[in-house]
file structure_37.pdb (PDB, C-alpha atoms)
MODEL        1
ATOM      1  CA  ASP P   1     103.953  85.511  90.370  1.00  0.00           C
ATOM      2  CA  LYS P   2     100.707  86.165  88.505  1.00  0.00           C
ATOM      3  CA  THR P   3      99.144  82.846  89.488  1.00  0.00           C
ATOM      4  CA  LYS P   4      99.561  83.584  93.185  1.00  0.00           C
ATOM      5  CA  GLU P   5      98.347  87.155  92.698  1.00  0.00           C
ATOM      6  CA  ALA P   6      95.200  85.868  90.975  1.00  0.00           C
ATOM      7  CA  GLU P   7      94.646  83.433  93.860  1.00  0.00           C
ATOM      8  CA  VAL P   8      95.004  86.236  96.414  1.00  0.00           C
ATOM      9  CA  VAL P   9      92.620  88.537  94.537  1.00  0.00           C
ATOM     10  CA  LYS P  10      90.077  85.733  94.170  1.00  0.00           C
ATOM     11  CA  LYS P  11      90.223  84.858  97.877  1.00  0.00           C
ATOM     12  CA  TYR P  12      89.881  88.434  99.098  1.00  0.00           C
ATOM     13  CA  ASN P  13      87.096  89.068  96.599  1.00  0.00           C
ATOM     14  CA  GLU P  14      85.209  86.104  98.102  1.00  0.00           C
ATOM     15  CA  ILE P  15      85.754  87.489 101.602  1.00  0.00           C
ATOM     16  CA  TYR P  16      84.595  90.944 100.498  1.00  0.00           C
ATOM     17  CA  ASN P  17      81.418  89.428  99.053  1.00  0.00           C
ATOM     18  CA  GLN P  18      80.824  87.514 102.287  1.00  0.00           C
ATOM     19  CA  PHE P  19      81.056  90.759 104.263  1.00  0.00           C
ATOM     20  CA  ILE P  20      78.767  92.608 101.876  1.00  0.00           C
ATOM     21  CA  SER P  21      76.182  89.818 101.893  1.00  0.00           C
ATOM     22  CA  GLY P  22      76.093  89.925 105.703  1.00  0.00           C
ATOM     23  CA  ASN P  23      77.879  86.635 106.339  1.00  0.00           C
ATOM     24  CA  PHE P  24      80.198  88.309 108.836  1.00  0.00           C
ATOM     25  CA  GLY P  25      81.211  85.280 110.863  1.00  0.00           C
ATOM     26  CA  LYS P  26      82.378  83.374 107.817  1.00  0.00           C
ATOM     27  CA  ALA P  27      84.041  86.467 106.343  1.00  0.00           C
ATOM     28  CA  ILE P  28      86.008  87.207 109.516  1.00  0.00           C
ATOM     29  CA  ALA P  29      87.146  83.597 109.842  1.00  0.00           C
ATOM     30  CA  ASN P  30      88.184  83.421 106.174  1.00  0.00           C
ATOM     31  CA  LYS P  31      89.955  86.791 106.396  1.00  0.00           C
ATOM     32  CA  LYS P  32      92.070  85.560 109.312  1.00  0.00           C
ATOM     33  CA  ILE P  33      93.071  82.500 107.317  1.00  0.00           C
ATOM     34  CA  ALA P  34      93.825  84.535 104.179  1.00  0.00           C
ATOM     35  CA  ASP P  35      95.844  87.104 106.130  1.00  0.00           C
ATOM     36  CA  SER P  36      97.916  84.327 107.685  1.00  0.00           C
ATOM     37  CA  LEU P  37      98.594  82.868 104.230  1.00  0.00           C
ATOM     38  CA  PHE P  38      99.078  86.039 102.207  1.00  0.00           C
ATOM     39  CA  GLY P  39     100.042  88.720 104.746  1.00  0.00           C
ATOM     40  CA  ASN P  40      98.868  92.302 104.477  1.00  0.00           C
ATOM     41  CA  SER P  41      97.524  92.767 100.995  1.00  0.00           C
ATOM     42  CA  TYR P  42      95.985  95.671  99.153  1.00  0.00           C
ATOM     43  CA  TRP P  43      92.552  94.472 100.276  1.00  0.00           C
ATOM     44  CA  THR P  44      93.303  94.418 103.986  1.00  0.00           C
ATOM     45  CA  PRO P  45      92.438  98.081 104.790  1.00  0.00           C
ATOM     46  CA  GLN P  46      89.044  97.805 103.088  1.00  0.00           C
ATOM     47  CA  LEU P  47      88.229  94.542 104.800  1.00  0.00           C
ATOM     48  CA  LEU P  48      89.302  95.896 108.185  1.00  0.00           C
ATOM     49  CA  TYR P  49      86.984  98.857 107.698  1.00  0.00           C
ATOM     50  CA  ILE P  50      84.058  96.607 106.794  1.00  0.00           C
ATOM     51  CA  GLU P  51      84.897  94.293 109.691  1.00  0.00           C
ATOM     52  CA  SER P  52      84.787  97.264 112.070  1.00  0.00           C
ATOM     53  CA  VAL P  53      81.316  98.178 110.788  1.00  0.00           C
ATOM     54  CA  TYR P  54      80.172  94.697 111.778  1.00  0.00           C
ATOM     55  CA  TYR P  55      81.582  95.192 115.281  1.00  0.00           C
ATOM     56  CA  ILE P  56      79.800  98.552 115.501  1.00  0.00           C
ATOM     57  CA  LYS P  57      76.537  96.887 114.555  1.00  0.00           C
ATOM     58  CA  GLU P  58      77.133  94.350 117.312  1.00  0.00           C
ATOM     59  CA  ARG P  59      77.930  97.236 119.725  1.00  0.00           C
ATOM     60  CA  LYS P  60      81.488  95.961 120.229  1.00  0.00           C
ATOM     61  CA  ASP P  61      82.930  99.456 120.039  1.00  0.00           C
ATOM     62  CA  SER P  62      86.310  98.724 121.604  1.00  0.00           C
ATOM     63  CA  LEU P  63      86.878  95.904 119.107  1.00  0.00           C
ATOM     64  CA  ALA P  64      85.782  98.188 116.259  1.00  0.00           C
ATOM     65  CA  ILE P  65      88.212 100.897 117.393  1.00  0.00           C
ATOM     66  CA  ALA P  66      91.060  98.385 117.638  1.00  0.00           C
ATOM     67  CA  THR P  67      90.247  97.071 114.161  1.00  0.00           C
ATOM     68  CA  LEU P  68      90.145 100.586 112.707  1.00  0.00           C
ATOM     69  CA  SER P  69      93.499 101.365 114.351  1.00  0.00           C
ATOM     70  CA  LYS P  70      95.097  98.482 112.458  1.00  0.00           C
ATOM     71  CA  ILE P  71      94.448 100.243 109.143  1.00  0.00           C
ATOM     72  CA  GLU P  72      97.033 102.950 109.805  1.00  0.00           C
ATOM     73  CA  THR P  73      99.498 100.445 111.240  1.00  0.00           C
ATOM     74  CA  ILE P  74      99.479  98.081 108.273  1.00  0.00           C
ATOM     75  CA  ALA P  75      98.737 100.566 105.487  1.00  0.00           C
ATOM     76  CA  PRO P  76     100.114 103.998 106.453  1.00  0.00           C
ATOM     77  CA  ASN P  77      99.300 105.445 103.027  1.00  0.00           C
ATOM     78  CA  SER P  78      95.734 104.151 102.814  1.00  0.00           C
ATOM     79  CA  PRO P  79      93.048 106.693 101.926  1.00  0.00           C
ATOM     80  CA  LEU P  80      90.823 104.941 104.482  1.00  0.00           C
ATOM     81  CA  ILE P  81      92.870 106.237 107.422  1.00  0.00           C
ATOM     82  CA  ALA P  82      91.018 109.563 107.558  1.00  0.00           C
ATOM     83  CA  LYS P  83      87.631 107.822 107.532  1.00  0.00           C
ATOM     84  CA  ALA P  84      88.794 105.322 110.132  1.00  0.00           C
ATOM     85  CA  LYS P  85      89.889 108.121 112.466  1.00  0.00           C
ATOM     86  CA  ILE P  86      86.555 109.902 112.133  1.00  0.00           C
ATOM     87  CA  LEU P  87      84.691 106.683 112.854  1.00  0.00           C
ATOM     88  CA  GLN P  88      86.899 106.054 115.903  1.00  0.00           C
ATOM     89  CA  GLU P  89      86.025 109.504 117.296  1.00  0.00           C
ATOM     90  CA  VAL P  90      82.327 108.894 116.730  1.00  0.00           C
ATOM     91  CA  LEU P  91      82.567 105.571 118.532  1.00  0.00           C
ATOM     92  CA  LYS P  92      84.392 107.138 121.474  1.00  0.00           C
ATOM     93  CA  ASN P  93      81.458 109.554 121.800  1.00  0.00           C
ATOM     94  CA  ARG P  94      78.694 107.110 120.901  1.00  0.00           C
ATOM     95  CA  ASP P  95      76.936 107.228 124.275  1.00  0.00           C
ATOM     96  CA  SER P  96      76.679 111.014 124.361  1.00  0.00           C
ATOM     97  CA  ILE P  97      75.687 111.214 120.689  1.00  0.00           C
ATOM     98  CA  GLU P  98      72.918 108.668 121.215  1.00  0.00           C
ATOM     99  CA  ALA P  99      71.752 110.411 124.405  1.00  0.00           C
ATOM    100  CA  ASN P 100      71.576 113.757 122.608  1.00  0.00           C
ATOM    101  CA  LEU P 101      69.625 112.250 119.736  1.00  0.00           C
ATOM    102  CA  LYS P 102      67.188 110.561 122.108  1.00  0.00           C
ATOM    103  CA  ALA P 103      66.646 113.847 123.943  1.00  0.00           C
ATOM    104  CA  LEU P 104      65.596 115.671 120.786  1.00  0.00           C
ATOM    105  CA  ASN P 105      61.887 116.279 120.322  1.00  0.00           C
ATOM    106  CA  PHE P 106      60.663 116.058 116.790  1.00  0.00           C
ATOM    107  CA  GLU P 107      57.272 117.367 115.780  1.00  0.00           C
ATOM    108  CA  LYS P 108      55.341 115.896 112.919  1.00  0.00           C
ATOM    109  CA  SER P 109      55.041 118.251 109.972  1.00  0.00           C
ATOM    110  CA  ASP P 110      51.761 118.829 108.119  1.00  0.00           C
ATOM    111  CA  TYR P 111      53.468 118.532 104.748  1.00  0.00           C
TER     112      TYR P 111
ENDMDL
END
call {"tool": "encode", "arguments": {"input": "structure_37.pdb", "output": "structure tokens"}}
result
Amino acid sequence: DKTKEAEVVKKYNEIYNQFISGNFGKAIANKKIADSLFGNSYWTPQLLYIESVYYIKERKDSLAIATLSKIETIAPNSPLIAKAKILQEVLKNRDSIEANLKALNFEKSDY
């Protein structure tokens, strides 16, 4: 039904805009409500990816990894799966990556 489809698109568009504007708490809460009403929609992989970025920012790596894992489960043909897997590997190695970066010595250039 086109009316319901328009409602779903409108709702997920609002949630997407909330994520992008940095209103993560409201976006996550509204996404849970929308997912319970509409199920797994076309928008879900994108929103899961953005949601995981929020968790990364908050240093909740295990939650970010779990969220990224959902993408493949609910949307096995999503083009975001490859990016999600790369991000999961980076998160699993975050401590060593950060330690290596902190250990680097950079010299100021005269340019």
call {"tool": "residues_around", "arguments": {"input": "structure_37.pdb", "residues": "segment 48-65 of chain P", "least_positions_apart": "2", "cutoff": "12 Å", "atoms": "all atoms listed in the file", "output": "MDAnalysis selection string"}}
result
chainID P and resid 12 15:32 35 40:46 67:75 78:95
call {"tool": "atom_distance", "arguments": {"input": "structure_37.pdb", "atom1": "atom CA of Ala66 of chain P", "atom2": "atom CA of Glu14 of chain P"}}
result
23.8 Å
call {"tool": "atom_distance", "arguments": {"input": "structure_37.pdb", "atom1": "atom CA of Ser36 of chain P", "atom2": "atom CA of Lys2 of chain P"}}
result
19.5 Å
call {"tool": "atom_distance", "arguments": {"input": "structure_37.pdb", "atom1": "atom CA of Val9 of chain P", "atom2": "atom CA of Ile33 of chain P"}}
result
14.1 Å
call {"tool": "axis_aligned_box", "arguments": {"input": "structure_37.pdb", "around": "segment 38-55 of chain P", "padding_each_side": "5 Å", "output": "JSON"}}
result
{"center_x": 90.1, "center_y": 92.4, "center_z": 107.2, "size_x": 29.9, "size_y": 22.8, "size_z": 26.1}
call {"tool": "decode", "arguments": {"input": "structure_37.pdb", "residues": "chain P", "atoms": "C-alpha atoms", "output": "mmCIF file, in the first residue's frame"}}
result
data_model
loop_
_atom_site.group_PDB
_atom_site.id
_atom_site.type_symbol
_atom_site.label_atom_id
_atom_site.label_comp_id
_atom_site.auth_asym_id
_atom_site.auth_seq_id
_atom_site.Cartn_x
_atom_site.Cartn_y
_atom_site.Cartn_z
ATOM 1 C CA ASP P 1 0.000 0.000 0.000
ATOM 2 C CA LYS P 2 1.477 3.320 -1.116
ATOM 3 C CA THR P 3 0.115 5.247 1.860
ATOM 4 C CA LYS P 4 1.867 2.957 4.324
ATOM 5 C CA GLU P 5 5.049 3.007 2.241
ATOM 6 C CA ALA P 6 5.040 6.819 2.287
ATOM 7 C CA GLU P 7 4.554 6.747 6.071
ATOM 8 C CA VAL P 8 7.486 4.353 6.493
ATOM 9 C CA VAL P 9 9.774 6.426 4.262
ATOM 10 C CA LYS P 10 8.803 9.613 6.094
ATOM 11 C CA LYS P 11 9.462 8.073 9.518
ATOM 12 C CA TYR P 12 12.844 6.615 8.604
ATOM 13 C CA ASN P 13 13.825 9.854 6.885
ATOM 14 C CA GLU P 14 13.101 11.692 10.156
ATOM 15 C CA ILE P 15 15.208 9.174 12.076
ATOM 16 C CA TYR P 16 18.038 9.501 9.550
ATOM 17 C CA ASN P 17 17.974 13.285 9.953
ATOM 18 C CA GLN P 18 18.041 12.914 13.738
ATOM 19 C CA PHE P 19 21.158 10.745 13.481
ATOM 20 C CA ILE P 20 22.856 13.123 11.069
ATOM 21 C CA SER P 21 22.063 16.164 13.211
ATOM 22 C CA GLY P 22 23.637 14.447 16.229
ATOM 23 C CA ASN P 23 20.431 13.764 18.146
ATOM 24 C CA PHE P 24 21.460 10.151 18.697
ATOM 25 C CA GLY P 25 19.382 9.380 21.762
ATOM 26 C CA LYS P 26 16.161 10.449 20.104
ATOM 27 C CA ALA P 27 17.111 8.739 16.835
ATOM 28 C CA ILE P 28 17.863 5.412 18.524
ATOM 29 C CA ALA P 29 14.629 5.512 20.517
ATOM 30 C CA ASN P 30 12.565 6.404 17.433
ATOM 31 C CA LYS P 31 14.315 3.733 15.349
ATOM 32 C CA LYS P 32 13.382 1.052 17.884
ATOM 33 C CA ILE P 33 9.761 2.153 17.742
ATOM 34 C CA ALA P 34 9.739 2.307 13.931
ATOM 35 C CA ASP P 35 11.403 -1.101 13.619
ATOM 36 C CA SER P 36 8.790 -2.612 15.924
ATOM 37 C CA LEU P 37 6.010 -1.098 13.802
ATOM 38 C CA PHE P 38 7.422 -1.609 10.320
ATOM 39 C CA GLY P 39 9.941 -4.456 10.658
ATOM 40 C CA ASN P 40 13.193 -4.544 8.735
ATOM 41 C CA SER P 41 12.925 -1.984 5.992
ATOM 42 C CA TYR P 42 15.250 -0.823 3.264
ATOM 43 C CA TRP P 43 16.535 1.884 5.610
ATOM 44 C CA THR P 44 17.512 -0.427 8.445
ATOM 45 C CA PRO P 45 21.074 -1.290 7.268
ATOM 46 C CA GLN P 46 21.974 2.383 6.829
ATOM 47 C CA LEU P 47 20.545 3.340 10.188
ATOM 48 C CA LEU P 48 22.311 0.451 11.913
ATOM 49 C CA TYR P 49 25.597 1.611 10.418
ATOM 50 C CA ILE P 50 25.046 5.179 11.602
ATOM 51 C CA GLU P 51 23.937 3.914 15.011
ATOM 52 C CA SER P 52 27.173 1.931 15.306
ATOM 53 C CA VAL P 53 29.186 5.082 14.565
ATOM 54 C CA TYR P 54 27.486 6.715 17.541
ATOM 55 C CA TYR P 55 28.464 3.776 19.757
ATOM 56 C CA ILE P 56 32.046 4.038 18.488
ATOM 57 C CA LYS P 57 32.102 7.711 19.392
ATOM 58 C CA GLU P 58 30.894 6.784 22.867
ATOM 59 C CA ARG P 59 33.609 4.066 23.029
ATOM 60 C CA LYS P 60 30.979 1.320 23.324
ATOM 61 C CA ASP P 61 32.838 -0.931 20.916
ATOM 62 C CA SER P 62 31.120 -4.197 21.804
ATOM 63 C CA LEU P 63 27.717 -2.586 21.225
ATOM 64 C CA ALA P 64 28.955 -1.123 17.931
ATOM 65 C CA ILE P 65 30.203 -4.540 16.792
ATOM 66 C CA ALA P 66 26.894 -6.174 17.724
ATOM 67 C CA THR P 67 24.990 -3.469 15.844
ATOM 68 C CA LEU P 68 27.185 -3.872 12.763
ATOM 69 C CA SER P 69 26.668 -7.650 12.886
ATOM 70 C CA LYS P 70 22.912 -7.146 12.593
ATOM 71 C CA ILE P 71 23.340 -5.663 9.109
ATOM 72 C CA GLU P 72 24.327 -8.990 7.558
ATOM 73 C CA THR P 73 21.674 -10.859 9.527
ATOM 74 C CA ILE P 74 18.746 -8.698 8.454
ATOM 75 C CA ALA P 75 19.979 -7.620 5.019
ATOM 76 C CA PRO P 76 22.262 -10.330 3.587
ATOM 77 C CA ASN P 77 22.494 -8.557 0.226
ATOM 78 C CA SER P 78 23.269 -5.094 1.583
ATOM 79 C CA PRO P 79 26.272 -3.308 0.082
ATOM 80 C CA LEU P 80 27.052 -2.075 3.607
ATOM 81 C CA ILE P 81 28.100 -5.543 4.784
ATOM 82 C CA ALA P 82 31.661 -5.174 3.481
ATOM 83 C CA LYS P 83 32.071 -1.797 5.194
ATOM 84 C CA ALA P 84 30.538 -3.131 8.393
ATOM 85 C CA LYS P 85 33.002 -6.030 8.472
ATOM 86 C CA ILE P 86 35.969 -3.715 7.984
ATOM 87 C CA LEU P 87 34.741 -1.452 10.763
ATOM 88 C CA GLN P 88 34.271 -4.469 13.053
ATOM 89 C CA GLU P 89 37.897 -5.526 12.467
ATOM 90 C CA VAL P 90 39.131 -2.016 13.194
ATOM 91 C CA LEU P 91 37.143 -1.950 16.418
ATOM 92 C CA LYS P 92 38.514 -5.326 17.497
ATOM 93 C CA ASN P 93 42.010 -3.853 17.097
ATOM 94 C CA ARG P 94 41.228 -0.356 18.354
ATOM 95 C CA ASP P 95 43.509 -0.500 21.397
ATOM 96 C CA SER P 96 46.577 -1.574 19.437
ATOM 97 C CA ILE P 97 45.852 0.869 16.608
ATOM 98 C CA GLU P 98 45.534 3.748 19.065
ATOM 99 C CA ALA P 99 48.685 2.665 20.930
ATOM 100 C CA ASN P 100 50.659 2.537 17.683
ATOM 101 C CA LEU P 101 49.425 5.964 16.655
ATOM 102 C CA LYS P 102 50.293 7.436 20.046
ATOM 103 C CA ALA P 103 53.789 5.955 19.830
ATOM 104 C CA LEU P 104 54.534 7.675 16.531
ATOM 105 C CA ASN P 105 56.745 10.746 16.670
ATOM 106 C CA PHE P 106 55.870 13.455 14.238
ATOM 107 C CA GLU P 107 58.248 16.284 13.479
ATOM 108 C CA LYS P 108 57.036 19.679 12.436
ATOM 109 C CA SER P 109 57.878 20.509 8.841
ATOM 110 C CA ASP P 110 59.317 23.876 7.785
ATOM 111 C CA TYR P 111 56.927 24.119 4.854
#
